[in-house]
>>> print(open('input.cif').read())   # mmCIF, C-alpha atoms and all ligand atoms
data_structure
#
loop_
_atom_site.label_atom_id
_atom_site.label_comp_id
_atom_site.auth_asym_id
_atom_site.auth_seq_id
_atom_site.Cartn_x
_atom_site.Cartn_y
_atom_site.Cartn_z
CA MET A 30 14.08 -12.89 21.02
CA VAL A 31 11.47 -11.64 18.55
CA ASN A 32 10.29 -13.84 15.69
CA VAL A 33 8.85 -11.65 12.91
CA ILE A 34 6.50 -13.72 10.74
CA GLY A 35 6.14 -12.50 7.13
CA LEU A 36 9.07 -10.64 5.59
CA GLY A 37 7.28 -8.47 3.04
CA TYR A 38 7.00 -4.70 2.75
CA ILE A 39 6.13 -4.37 6.45
CA GLY A 40 7.71 -7.35 8.19
CA LEU A 41 11.18 -6.96 6.70
CA PRO A 42 11.79 -3.28 7.58
CA THR A 43 10.29 -3.87 11.04
CA ALA A 44 12.56 -6.86 11.68
CA LEU A 45 15.60 -4.94 10.42
CA MET A 46 14.73 -1.88 12.47
CA MET A 47 14.38 -3.88 15.69
CA ALA A 48 17.58 -5.85 15.05
CA SER A 49 19.56 -2.71 14.31
CA HIS A 50 18.33 -1.26 17.64
CA GLY A 51 19.63 -4.11 19.77
CA VAL A 52 16.70 -6.54 19.74
CA GLU A 53 17.54 -10.18 18.96
CA VAL A 54 15.45 -10.96 15.86
CA VAL A 55 14.77 -13.93 13.61
CA GLY A 56 12.67 -13.18 10.53
CA THR A 57 10.52 -16.04 9.24
CA ASP A 58 8.82 -16.31 5.87
CA TYR A 59 7.40 -19.44 4.29
CA ASN A 60 8.60 -18.21 0.92
CA LYS A 61 11.94 -20.02 0.49
CA GLU A 62 13.09 -17.65 -2.25
CA ILE A 63 12.70 -14.59 0.00
CA VAL A 64 14.61 -16.24 2.83
CA ALA A 65 17.36 -17.47 0.46
CA THR A 66 17.76 -13.98 -1.02
CA LEU A 67 18.02 -12.38 2.42
CA ASN A 68 20.46 -15.05 3.59
CA ALA A 69 22.52 -14.36 0.47
CA GLY A 70 22.90 -10.78 1.70
CA GLN A 71 20.39 -9.07 -0.59
CA THR A 72 17.17 -7.20 0.10
CA THR A 73 14.00 -8.29 -1.69
CA PHE A 74 12.53 -4.94 -2.79
CA GLU A 75 13.64 -1.37 -3.41
CA GLU A 76 13.02 1.13 -0.63
CA ASN A 77 14.82 4.29 0.46
CA GLY A 78 17.38 3.49 3.13
CA LEU A 79 16.50 -0.23 3.26
CA ASP A 80 19.91 -1.50 2.13
CA ASP A 81 21.74 0.47 4.83
CA LEU A 82 19.26 -0.73 7.44
CA PHE A 83 19.76 -4.29 6.18
CA ASP A 84 23.55 -3.98 6.59
CA ALA A 85 23.13 -2.63 10.12
CA ALA A 86 20.75 -5.48 11.02
CA LEU A 87 23.13 -8.11 9.59
CA GLU A 88 25.93 -6.57 11.60
CA ALA A 89 23.72 -6.83 14.70
CA GLY A 90 23.12 -10.53 14.03
CA ILE A 91 19.61 -10.78 12.51
CA LYS A 92 18.77 -14.26 11.14
CA PHE A 93 16.29 -15.34 8.48
CA SER A 94 14.55 -18.69 8.30
CA THR A 95 11.57 -20.53 6.86
CA GLU A 96 11.00 -22.06 10.30
CA TYR A 97 8.93 -20.58 13.12
CA GLN A 98 11.11 -20.10 16.21
CA VAL A 99 10.62 -21.12 19.83
CA THR A 100 10.63 -17.75 21.55
CA ASP A 101 8.68 -15.40 23.79
CA THR A 102 7.52 -12.75 21.26
CA TYR A 103 6.01 -13.12 17.78
CA ILE A 104 5.13 -10.30 15.39
CA VAL A 105 2.76 -11.38 12.63
CA SER A 106 2.86 -9.23 9.48
CA VAL A 107 1.31 -11.38 6.79
CA PRO A 108 -1.06 -10.12 4.06
CA THR A 109 -4.72 -9.33 4.71
CA PRO A 110 -6.49 -9.08 1.36
CA TYR A 111 -10.24 -8.62 1.08
CA ASP A 112 -12.78 -10.95 -0.38
CA LYS A 113 -13.80 -9.32 -3.68
CA PHE A 114 -17.38 -10.56 -3.29
CA SER A 115 -18.21 -9.96 0.40
CA LYS A 116 -15.69 -7.06 0.75
CA LYS A 117 -14.77 -8.46 4.18
CA VAL A 118 -11.17 -8.87 5.25
CA ASP A 119 -9.78 -12.30 4.43
CA ALA A 120 -7.93 -13.26 7.61
CA CYS A 121 -6.77 -16.67 6.35
CA HIS A 122 -3.06 -15.75 6.31
CA VAL A 123 -3.21 -14.33 9.83
CA VAL A 124 -5.05 -17.42 11.09
CA ALA A 125 -2.54 -19.74 9.35
CA ALA A 126 0.40 -17.84 10.84
CA VAL A 127 -1.08 -17.89 14.36
CA GLU A 128 -1.79 -21.65 13.96
CA ASN A 129 1.90 -22.15 13.12
CA VAL A 130 2.99 -20.00 16.06
CA MET A 131 0.83 -22.13 18.38
CA GLU A 132 2.72 -25.25 17.27
CA VAL A 133 6.05 -23.91 18.58
CA CYS A 134 5.42 -21.19 21.15
CA PRO A 135 6.03 -21.77 24.85
CA LYS A 136 3.55 -20.74 27.55
CA GLY A 137 3.90 -17.07 28.41
CA ALA A 138 4.60 -15.96 24.82
CA THR A 139 3.17 -12.74 23.39
CA VAL A 140 1.66 -12.75 19.91
CA VAL A 141 1.53 -9.32 18.26
CA ILE A 142 -0.64 -9.00 15.16
CA GLU A 143 0.73 -6.19 12.98
CA SER A 144 -1.31 -7.04 9.89
CA THR A 145 -4.19 -4.67 9.18
CA ILE A 146 -7.48 -6.24 10.24
CA SER A 147 -11.00 -4.94 10.70
CA PRO A 148 -12.63 -4.51 14.14
CA GLY A 149 -13.56 -7.82 15.71
CA ILE A 150 -11.22 -10.03 13.66
CA ILE A 151 -9.04 -10.89 16.63
CA ASP A 152 -12.10 -11.86 18.68
CA LYS A 153 -13.67 -13.82 15.84
CA TYR A 154 -10.70 -15.63 14.31
CA VAL A 155 -7.50 -15.26 16.34
CA ARG A 156 -8.68 -15.95 19.92
CA PRO A 157 -10.39 -19.23 18.89
CA VAL A 158 -7.17 -20.49 17.24
CA ILE A 159 -5.23 -19.86 20.44
CA GLU A 160 -7.90 -21.38 22.69
CA ASP A 161 -8.40 -24.41 20.41
CA ASN A 162 -4.70 -25.13 20.93
CA GLY A 163 -5.31 -25.42 24.68
CA PHE A 164 -3.90 -22.03 25.70
CA HIS A 165 -5.68 -19.53 27.97
CA ILE A 166 -5.34 -15.99 26.63
CA GLY A 167 -4.00 -13.66 29.30
CA GLU A 168 -2.52 -16.58 31.26
CA ASP A 169 -0.58 -18.76 28.77
CA ILE A 170 -0.55 -16.46 25.76
CA ASN A 171 -0.76 -12.67 25.53
CA LEU A 172 -2.42 -11.12 22.54
CA VAL A 173 -1.66 -7.67 21.14
CA HIS A 174 -2.57 -5.71 18.00
CA ALA A 175 0.02 -3.20 16.81
CA PRO A 176 -1.06 -1.96 13.36
CA GLU A 177 1.51 -0.40 11.05
CA ARG A 178 1.21 3.03 9.39
CA ILE A 179 4.35 3.40 7.28
CA ILE A 180 4.21 4.42 3.63
CA PRO A 181 6.31 2.79 0.88
CA GLY A 182 8.99 5.19 -0.30
CA ASN A 183 9.52 6.62 3.18
CA MET A 184 9.29 3.51 5.32
CA VAL A 185 12.58 3.74 7.17
CA TYR A 186 12.00 7.34 8.21
CA GLU A 187 8.38 6.68 9.17
CA LEU A 188 9.24 3.58 11.20
CA LEU A 189 11.47 5.78 13.29
CA HIS A 190 9.20 8.82 13.57
CA ASN A 191 5.51 7.88 13.20
CA ASN A 192 3.26 7.70 16.23
CA ARG A 193 1.98 4.17 16.83
CA THR A 194 -1.04 2.46 18.37
CA ILE A 195 -0.87 -0.65 20.53
CA GLY A 196 -4.01 -2.49 21.52
CA ALA A 197 -3.75 -5.03 24.32
CA ASP A 198 -6.08 -6.93 26.65
CA ASN A 199 -4.22 -5.65 29.70
CA HIS A 200 -2.10 -2.64 30.47
CA GLU A 201 0.97 -4.56 31.66
CA ILE A 202 1.33 -6.49 28.38
CA GLY A 203 0.62 -3.30 26.42
CA GLU A 204 3.48 -1.59 28.29
CA LYS A 205 5.81 -4.54 27.61
CA VAL A 206 5.14 -4.40 23.86
CA LYS A 207 5.37 -0.60 23.94
CA THR A 208 8.89 -0.93 25.36
CA LEU A 209 9.80 -3.27 22.50
CA TYR A 210 8.62 -0.79 19.85
CA ALA A 211 10.15 2.11 21.76
CA SER A 212 13.55 0.47 21.13
CA PHE A 213 13.43 2.27 17.76
CA CYS A 214 10.22 4.33 17.55
CA GLN A 215 10.69 7.99 18.46
CA GLY A 216 7.01 8.85 17.96
CA GLU A 217 4.31 8.68 20.62
CA ILE A 218 3.03 5.16 21.30
CA VAL A 219 -0.61 5.14 22.41
CA LEU A 220 -1.96 2.22 24.43
CA THR A 221 -5.56 1.15 23.96
CA ASP A 222 -7.68 -2.00 23.72
CA ILE A 223 -7.48 -4.42 20.79
CA ARG A 224 -10.78 -3.58 19.12
CA THR A 225 -10.07 0.16 19.19
CA ALA A 226 -6.63 -0.47 17.68
CA GLU A 227 -8.19 -2.59 14.91
CA MET A 228 -10.72 0.14 14.13
CA THR A 229 -8.25 3.06 14.18
CA LYS A 230 -6.04 1.52 11.49
CA VAL A 231 -8.95 0.90 9.12
CA VAL A 232 -10.42 4.34 9.85
CA GLU A 233 -7.11 6.07 9.05
CA ASN A 234 -6.96 4.50 5.60
CA THR A 235 -10.66 5.10 5.05
CA PHE A 236 -10.20 8.81 5.81
CA ARG A 237 -7.58 8.97 3.07
CA ALA A 238 -9.72 7.02 0.58
CA VAL A 239 -12.80 9.19 1.12
CA ASN A 240 -10.80 12.41 0.76
CA ILE A 241 -9.11 11.18 -2.42
CA ALA A 242 -12.53 10.20 -3.78
CA PHE A 243 -13.80 13.73 -3.12
CA ALA A 244 -10.95 15.18 -5.19
CA ASN A 245 -11.56 12.62 -7.94
CA GLU A 246 -15.25 13.43 -8.02
CA LEU A 247 -14.44 17.14 -8.33
CA ALA A 248 -12.16 16.31 -11.26
CA LYS A 249 -15.05 14.53 -12.99
CA ILE A 250 -17.47 17.41 -12.34
CA CYS A 251 -14.95 19.96 -13.59
CA ARG A 252 -14.16 17.88 -16.69
CA HIS A 253 -17.89 17.66 -17.47
CA ASP A 254 -18.23 21.45 -17.59
CA ASN A 255 -14.70 22.36 -18.63
CA MET A 256 -13.53 23.92 -15.36
CA ASP A 257 -9.95 23.83 -14.04
CA VAL A 258 -10.08 21.48 -11.05
CA TYR A 259 -6.51 22.29 -9.97
CA GLU A 260 -7.14 26.03 -9.89
CA ILE A 261 -10.40 25.48 -8.03
CA ILE A 262 -8.75 23.25 -5.42
CA ARG A 263 -5.86 25.71 -5.06
CA ILE A 264 -8.24 28.58 -4.35
CA CYS A 265 -10.49 26.53 -2.05
CA ASN A 266 -7.46 25.42 -0.03
CA MET A 267 -6.74 29.08 0.76
CA HIS A 268 -9.80 28.90 3.01
CA PRO A 269 -8.50 28.35 6.56
CA ARG A 270 -10.60 25.23 7.15
CA VAL A 271 -10.47 23.58 3.71
CA ASN A 272 -7.77 21.11 2.68
CA ILE A 273 -8.75 19.23 -0.47
CA LEU A 274 -6.40 16.54 -1.81
CA GLN A 275 -5.35 16.25 -5.46
CA PRO A 276 -7.22 14.07 -7.96
CA GLY A 277 -5.39 11.23 -9.69
CA PRO A 278 -5.74 8.23 -12.01
CA GLY A 279 -6.91 5.90 -9.24
CA VAL A 280 -5.75 4.39 -5.98
CA GLY A 281 -3.52 1.36 -5.57
CA GLY A 282 -1.33 -0.32 -3.01
CA HIS A 283 -2.29 -2.63 -0.21
CA CYS A 284 -3.83 -0.12 2.17
CA ILE A 285 -6.03 2.67 0.86
CA SER A 286 -7.45 0.66 -2.03
CA VAL A 287 -8.19 -2.34 0.21
CA ASP A 288 -8.80 -1.59 3.90
CA PRO A 289 -11.87 0.70 3.56
CA TRP A 290 -13.68 -2.21 1.88
CA PHE A 291 -13.47 -4.06 5.22
CA LEU A 292 -15.91 -1.54 6.71
CA VAL A 293 -18.21 -1.78 3.69
CA GLY A 294 -18.15 -5.57 4.05
CA ASP A 295 -18.84 -5.51 7.78
CA TYR A 296 -21.36 -2.63 7.85
CA PRO A 297 -22.98 -2.62 4.38
CA SER A 298 -26.06 -0.67 5.43
CA LEU A 299 -24.05 1.95 7.34
CA ALA A 300 -20.86 2.54 5.34
CA LYS A 301 -22.52 4.36 2.43
CA VAL A 302 -20.08 7.24 1.92
CA ILE A 303 -17.20 4.79 2.13
CA ASP A 304 -18.78 2.44 -0.40
CA GLU A 305 -19.37 5.26 -2.92
CA SER A 306 -15.86 6.65 -2.33
CA MET A 307 -14.25 3.30 -3.05
CA LYS A 308 -16.33 2.94 -6.22
CA THR A 309 -15.33 6.45 -7.30
CA ASN A 310 -11.63 5.68 -6.82
CA ASP A 311 -11.94 2.30 -8.51
CA GLY A 312 -13.63 4.00 -11.47
CA MET A 313 -10.73 6.39 -12.13
CA PRO A 314 -8.64 4.09 -14.38
CA ASP A 315 -11.70 3.72 -16.65
CA PHE A 316 -12.17 7.49 -16.55
CA VAL A 317 -8.56 7.93 -17.67
CA LEU A 318 -9.04 5.38 -20.45
CA ASN A 319 -12.02 7.38 -21.70
CA ARG A 320 -9.95 10.57 -21.51
CA ILE A 321 -7.27 8.88 -23.65
CA TYR A 322 -9.83 8.13 -26.38
CA GLU A 323 -11.33 11.64 -26.08
CA ILE A 324 -7.94 13.33 -26.41
CA MET A 325 -6.88 11.08 -29.29
CA LYS A 326 -10.04 12.14 -31.12
CA GLU A 327 -9.44 15.83 -30.38
CA LYS A 328 -5.83 15.64 -31.58
CA GLY A 329 -6.56 13.48 -34.62
CA LEU A 330 -4.59 10.49 -33.31
CA THR A 331 -5.91 7.12 -34.45
CA ASP A 332 -3.32 4.53 -33.44
CA ILE A 333 -3.67 3.35 -29.80
CA SER A 334 -0.34 1.54 -30.09
CA ARG A 335 1.32 4.97 -30.32
CA VAL A 336 -0.02 5.86 -26.86
CA GLY A 337 2.23 5.14 -23.89
CA LEU A 338 1.42 4.82 -20.20
CA TYR A 339 4.23 6.21 -18.07
CA GLY A 340 4.35 4.35 -14.74
CA LEU A 341 3.21 0.92 -13.57
CA THR A 342 3.62 1.21 -9.82
CA TYR A 343 0.84 2.39 -7.52
CA LYS A 344 2.81 5.42 -6.34
CA GLU A 345 5.90 7.41 -7.18
CA ASN A 346 9.49 6.28 -6.69
CA VAL A 347 8.72 2.76 -5.42
CA ASP A 348 8.63 -0.65 -7.17
CA ASP A 349 5.30 -1.80 -5.65
CA MET A 350 2.69 -2.48 -8.36
CA ARG A 351 -0.02 -4.01 -6.19
CA GLU A 352 -3.52 -2.89 -7.27
CA SER A 353 -1.91 -0.13 -9.33
CA PRO A 354 -4.16 2.16 -11.43
CA THR A 355 -2.08 1.35 -14.54
CA LEU A 356 -2.68 -2.39 -14.10
CA GLN A 357 -6.39 -1.65 -13.55
CA LEU A 358 -6.46 0.48 -16.71
CA LEU A 359 -4.75 -2.25 -18.76
CA GLU A 360 -7.21 -4.86 -17.45
CA SER A 361 -10.08 -2.58 -18.36
CA GLN A 362 -8.65 -2.11 -21.85
CA GLU A 363 -8.45 -5.88 -22.32
CA ARG A 364 -12.04 -6.27 -21.12
CA HIS A 365 -13.04 -3.88 -23.87
CA LEU A 366 -11.12 -6.12 -26.26
CA ALA A 367 -8.70 -3.33 -27.06
CA THR A 368 -4.95 -3.72 -26.61
CA GLY A 369 -1.86 -1.99 -27.78
CA LEU A 370 -1.05 0.66 -25.18
CA LYS A 371 2.68 0.84 -24.57
CA VAL A 372 3.98 0.87 -20.99
CA TYR A 373 7.15 1.91 -19.21
CA ASP A 374 8.22 2.25 -15.59
CA PRO A 375 11.80 2.92 -14.47
CA PHE A 376 11.26 0.87 -11.30
CA ILE A 377 9.95 -2.30 -12.99
CA LYS A 378 12.86 -4.23 -14.42
CA LYS A 379 11.03 -7.49 -15.27
CA ASP A 380 8.47 -7.92 -18.06
CA VAL A 381 5.08 -7.91 -16.35
CA VAL A 382 2.70 -6.61 -19.03
CA LYS A 383 2.46 -6.64 -22.81
CA ASN A 384 4.27 -3.93 -24.82
CA GLN A 385 6.52 -3.01 -21.89
CA TYR A 386 9.71 -0.96 -22.26
CA HIS A 387 12.74 -0.80 -20.02
CA ASP A 388 14.22 2.48 -21.06
CA LEU A 389 12.64 5.93 -21.28
CA ASP A 390 14.12 6.99 -24.62
CA SER A 391 13.04 3.86 -26.52
CA PHE A 392 9.56 4.19 -24.97
CA LEU A 393 9.25 7.84 -25.97
CA GLY A 394 10.66 7.04 -29.42
CA ASP A 395 7.72 4.71 -30.12
CA VAL A 396 4.80 6.86 -28.92
CA ASN A 397 3.25 10.18 -29.85
CA MET A 398 1.02 10.46 -26.78
CA VAL A 399 2.18 9.96 -23.17
CA VAL A 400 -0.15 9.41 -20.23
CA VAL A 401 1.59 10.26 -16.95
CA MET A 402 0.08 7.68 -14.59
CA VAL A 403 2.78 7.90 -11.89
CA LYS A 404 4.75 10.97 -10.81
CA HIS A 405 8.18 9.32 -10.55
CA ASN A 406 11.01 11.85 -10.21
CA GLU A 407 12.41 10.54 -13.51
CA ILE A 408 9.57 12.00 -15.61
CA LYS A 409 9.76 15.35 -13.80
CA GLU A 410 13.49 15.48 -14.54
CA ASN A 411 12.95 14.54 -18.22
CA MET A 412 9.98 16.81 -18.90
CA ALA A 413 11.78 18.44 -21.86
CA LYS A 414 11.62 15.09 -23.70
CA LEU A 415 7.82 15.44 -23.85
CA THR A 416 7.70 18.70 -25.82
CA ASP A 417 6.78 17.00 -29.12
CA LYS A 418 4.19 14.67 -27.51
CA VAL A 419 0.54 14.92 -26.69
CA VAL A 420 0.57 14.62 -22.89
CA LEU A 421 -2.26 13.53 -20.60
CA ASP A 422 -0.93 14.47 -17.17
CA CYS A 423 -2.94 12.65 -14.46
CA HIS A 424 -1.04 14.41 -11.64
CA ASN A 425 -0.63 18.02 -12.79
CA ILE A 426 3.18 17.84 -12.68
CA ILE A 427 4.18 18.46 -16.29
CA ASP A 428 4.86 22.13 -16.82
CA LEU A 429 4.63 22.36 -20.63
CA PRO A 430 2.23 24.21 -22.94
CA GLY A 431 -0.74 22.24 -24.26
CA VAL A 432 -0.75 19.51 -21.60
CA CYS A 433 -4.13 17.78 -21.13
CA TYR A 434 -5.55 16.80 -17.74
CA ILE A 435 -8.02 14.24 -16.37
N1 LIG B 501 2.57 -2.46 2.35
C1 LIG B 501 2.16 -1.42 3.04
O1 LIG B 501 2.40 -0.28 2.68
C2 LIG B 501 1.43 -1.59 4.37
C3 LIG B 501 1.34 -0.51 5.24
C4 LIG B 501 0.71 -0.67 6.47
C5 LIG B 501 0.15 -1.91 6.78
N2 LIG B 501 0.24 -2.96 5.91
C6 LIG B 501 -0.34 -4.25 6.30
O2 LIG B 501 0.73 -5.09 6.72
C7 LIG B 501 0.40 -6.46 6.41
C8 LIG B 501 1.53 -7.06 5.59
O3 LIG B 501 1.56 -6.37 4.36
P1 LIG B 501 2.82 -6.42 3.39
O4 LIG B 501 2.63 -5.31 2.43
O5 LIG B 501 4.07 -6.51 4.18
O6 LIG B 501 2.57 -7.84 2.67
P2 LIG B 501 3.59 -8.61 1.71
O7 LIG B 501 2.75 -9.42 0.79
O8 LIG B 501 4.60 -7.66 1.17
O9 LIG B 501 4.39 -9.59 2.70
C9 LIG B 501 3.80 -10.59 3.41
C10 LIG B 501 4.82 -11.74 3.57
O10 LIG B 501 4.22 -12.72 4.42
C11 LIG B 501 4.61 -14.01 3.96
N3 LIG B 501 3.65 -14.94 4.53
C12 LIG B 501 2.32 -15.04 4.26
N4 LIG B 501 1.76 -15.98 5.04
C13 LIG B 501 2.75 -16.48 5.83
C14 LIG B 501 2.77 -17.47 6.84
N5 LIG B 501 1.68 -18.11 7.22
N6 LIG B 501 3.95 -17.74 7.41
C15 LIG B 501 5.09 -17.08 7.04
N7 LIG B 501 5.11 -16.14 6.10
C16 LIG B 501 3.95 -15.84 5.50
C17 LIG B 501 4.60 -13.88 2.45
O11 LIG B 501 5.41 -14.85 1.84
C18 LIG B 501 5.13 -12.45 2.26
O12 LIG B 501 6.54 -12.44 2.07
C19 LIG B 501 -0.94 -6.42 5.70
O13 LIG B 501 -1.97 -6.64 6.63
C20 LIG B 501 -1.02 -5.00 5.18
O14 LIG B 501 -2.36 -4.57 5.00
C21 LIG B 501 0.88 -2.83 4.72
#
>>> encode(input="input.cif", output="structure tokens", more="lines below")
Ligand SMILES: NC(=O)c1ccc[n+]([C@@H]2O[C@H](COP(=O)([O-])OP(=O)(O)OC[C@H]3O[C@@H](n4cnc5c(N)ncnc54)[C@H](O)[C@@H]3O)[C@@H](O)[C@H]2O)c1
Amino acid sequence: MVNVIGLGYIGLPTALMMASHGVEVVGTDYNKEIVATLNAGQTTFEENGLDDLFDAALEAGIKFSTEYQVTDTYIVSVPTPYDKFSKKVDACHVVAAVENVMEVCPKGATVVIESTISPGIIDKYVRPVIEDNGFHIGEDINLVHAPERIIPGNMVYELLHNNRTIGADNHEIGEKVKTLYASFCQGEIVLTDIRTAEMTKVVENTFRAVNIAFANELAKICRHDNMDVYEIIRICNMHPRVNILQPGPGVGGHCISVDPWFLVGDYPSLAKVIDESMKTNDGMPDFVLNRIYEIMKEKGLTDISRVGLYGLTYKENVDDMRESPTLQLLESQERHLATGLKVYDPFIKKDVVKNQYHDLDSFLGDVNMVVVMVKHNEIKENMAKLTDKVVLDCHNIIDLPGVCYI
């Protein structure tokens, strides 16, 4: 039986996927509300295909509990934020979860860390917890790192099809855990050592962050001298060895806006490009705020409360708002003692910020300028409703005359 610890964006789909592919699974979360909701037959967040997967897993007998289980395999998928000051990964949730596993696990159990961690974290924090509990790693307890790569919005598909990495101390345990993941994963599963697995996950997200920062920096350069960044990127990408990403209003979510900081924290004198890239991306919401004021001036608009931000989530067609550029922009606005921007997101049903709307038409009825912060399908489908608005399109998706860009 597999006990999945942490039933958030990663743990829940993983637990459901395994259960629906014949693995006996109990999902554990210390958040009673999450467990109660799941036990009441409801999922806890919106995600393509998640409800069907949930039904299949229930049918297959998955259980949810706030208790850690006595079993032979644990998968830990708890959060790994970073310390805003040191930039290093904060492994406290992983350590706490492994401590709890040690209280119940029998000898011979395998502990798989799925949470994203920086290279060396397992050596520095996880091995000591296991050894301090009187277990010998490799004899009494097996330790594995199996980082996750799936993207919100396409998680179910990617769980099935992405290639995966498994880092283990020895080949036999690696193969055993590979077989477990192969119960559902149709991608290639690469076996390596733990430290390499830790590093690959952080490097993958860092690659994305640095490339996004390059596009954002181009947008700033082009804005400075009134050049069309989208046309320039389009032409450059016709070169056979150039593939520039698109600029945007910033980077959010729990991966690309967080994980690269781990390398800056651990290697401050070496990770220079990464450091600057993260600062560039983090500066984009402020850049957009400045663009709002610039455009208002150009168009003779004076009332900030008639400007609306479309989108609160960190990416399109999901309900995840963590570290979202819109939240960063609103914080920045408050720091400058200015408030009043209106906000709407079709995926956010609860009130989470000031001046928030819950329906597109009322939102559009109260603003004369719209800033497209997130490219949800809804706004693409309702583009015609923006014809009488000043539009700042941060994603180059609105095909209307007179649209302004970052
Ligand atoms: N969200 C993503 O897109 C994504 C993608 C790849 C990797 N990751 C990584 O996966 C890990 C989990 O991320 P997430 O987005 O699922 O986080 P999350 O915040 O959505 O979920 C984590 C869950 O763990 C629970 N939890 C925390 N500590 C616990 C403990 N000691 N015992 C039991 N439950 C506990 C929380 O209540 C929460 O429900 C992180 O390391 C993250 O970086 C996330």
>>> residues_around(input="input.cif", residues="Leu189 in chain A", least_positions_apart="5", cutoff="10 Å", atoms="all atoms listed in the file", output="number ranges by chain")
A: 43, 46, 179, 184, 210-216
>>> write_last_selection(input="input.cif", atoms="C-alpha atoms", output="CSV table (one decimal), keeping the file's coordinate frame")
chain,number,residue,atom,x,y,z
A,43,THR,CA,10.3,-3.9,11.0
A,46,MET,CA,14.7,-1.9,12.5
A,179,ILE,CA,4.4,3.4,7.3
A,184,MET,CA,9.3,3.5,5.3
A,210,TYR,CA,8.6,-0.8,19.8
A,211,ALA,CA,10.2,2.1,21.8
A,212,SER,CA,13.6,0.5,21.1
A,213,PHE,CA,13.4,2.3,17.8
A,214,CYS,CA,10.2,4.3,17.6
A,215,GLN,CA,10.7,8.0,18.5
A,216,GLY,CA,7.0,8.8,18.0
>>> residues_near_ligand(input="input.cif", ligand="ligand LIG 501 (chain B)", cutoff="6 Å", atoms="only C-alpha atoms and all ligand atoms", output="PyMOL selection string")
chain A and resi 34-40+57-60+106-109+122+125-126+144-145+177-181+283-284
>>> residues_around(input="input.cif", residues="range 299-314 of chain A", least_positions_apart="6", cutoff="10 Å", atoms="all atoms listed in the file", output="PyMOL selection string")
chain A and resi 235-236+238-246+249+276-281+285-287+289-293+320+352-362+402+435
>>> closest_residue(input="input.cif", among="A:Asn162, A:Met47, A:Ala89, A:Val258", to="Cys134 in chain A", atoms="all atoms listed in the file")
A:Asn162
>>> atom_distance(input="input.cif", atom1="CA of Ile159 in chain A", atom2="CA of Met131 in chain A")
6.8 Å
>>> atom_distance(input="input.cif", atom1="CA of His174 in chain A", atom2="CA of Glu88 in chain A")
29.2 Å
>>> atom_distance(input="input.cif", atom1="CA of Asn32 in chain A", atom2="CA of Glu132 in chain A")
13.8 Å
>>> residues_around(input="input.cif", residues="range 203-208 of chain A", least_positions_apart="5", cutoff="12 Å", atoms="all atoms listed in the file", output="NGL selection string")
:A and (31 or 47 or 52 or 101-104 or 138-143 or 167 or 171-175 or 192-198 or 213-223 or 226)
>>> axis_aligned_box(input="input.cif", around="range 173-181 of chain A", padding_each_side="8 Å", output="AutoDock Vina command-line options")
--center_x 1.9 --center_y -1.6 --center_z 11.0 --size_x 24.9 --size_y 28.1 --size_z 36.3
>>> closest_residue(input="input.cif", among="A:Ile426, A:Leu421, A:Met30, A:Ala413", to="Leu209 in chain A", atoms="only C-alpha atoms")
A:Met30
>>> residues_around(input="input.cif", residues="Tyr434 in chain A", least_positions_apart="6", cutoff="9 Å", atoms="all atoms listed in the file", output="list in words")
Arg252, Arg320, Val420, Leu421, Asp422, Cys423, His424 and Asn425 of chain A
>>> residues_near_point(input="input.cif", point="(18.1, -5.9, 8.1)", cutoff="12 Å", atoms="all atoms listed in the file", output="ChimeraX atom specification")
/A:33,36,40-56,67-68,70-73,78-93,185
>>> write_last_selection(input="input.cif", atoms="C-alpha atoms", output="compact mmCIF listing (two decimals), in the frame of the given file")
# COMPACT_ATOMS: atom_id res chain seq x y z
CA VAL A 33 8.85 -11.65 12.91
CA LEU A 36 9.07 -10.64 5.59
CA GLY A 40 7.71 -7.35 8.19
CA LEU A 41 11.18 -6.96 6.70
CA PRO A 42 11.79 -3.28 7.58
CA THR A 43 10.29 -3.87 11.04
CA ALA A 44 12.56 -6.86 11.68
CA LEU A 45 15.60 -4.94 10.42
CA MET A 46 14.73 -1.88 12.47
CA MET A 47 14.38 -3.88 15.69
CA ALA A 48 17.58 -5.85 15.05
CA SER A 49 19.56 -2.71 14.31
CA HIS A 50 18.33 -1.26 17.64
CA GLY A 51 19.63 -4.11 19.77
CA VAL A 52 16.70 -6.54 19.74
CA GLU A 53 17.54 -10.18 18.96
CA VAL A 54 15.45 -10.96 15.86
CA VAL A 55 14.77 -13.93 13.61
CA GLY A 56 12.67 -13.18 10.53
CA LEU A 67 18.02 -12.38 2.42
CA ASN A 68 20.46 -15.05 3.59
CA GLY A 70 22.90 -10.78 1.70
CA GLN A 71 20.39 -9.07 -0.59
CA THR A 72 17.17 -7.20 0.10
CA THR A 73 14.00 -8.29 -1.69
CA GLY A 78 17.38 3.49 3.13
CA LEU A 79 16.50 -0.23 3.26
CA ASP A 80 19.91 -1.50 2.13
CA ASP A 81 21.74 0.47 4.83
CA LEU A 82 19.26 -0.73 7.44
CA PHE A 83 19.76 -4.29 6.18
CA ASP A 84 23.55 -3.98 6.59
CA ALA A 85 23.13 -2.63 10.12
CA ALA A 86 20.75 -5.48 11.02
CA LEU A 87 23.13 -8.11 9.59
CA GLU A 88 25.93 -6.57 11.60
CA ALA A 89 23.72 -6.83 14.70
CA GLY A 90 23.12 -10.53 14.03
CA ILE A 91 19.61 -10.78 12.51
CA LYS A 92 18.77 -14.26 11.14
CA PHE A 93 16.29 -15.34 8.48
CA VAL A 185 12.58 3.74 7.17
>>> closest_residue(input="input.cif", among="A:His165, A:Lys418, A:Lys61, A:Lys379", to="Lys328 in chain A", atoms="all atoms listed in the file")
A:Lys418
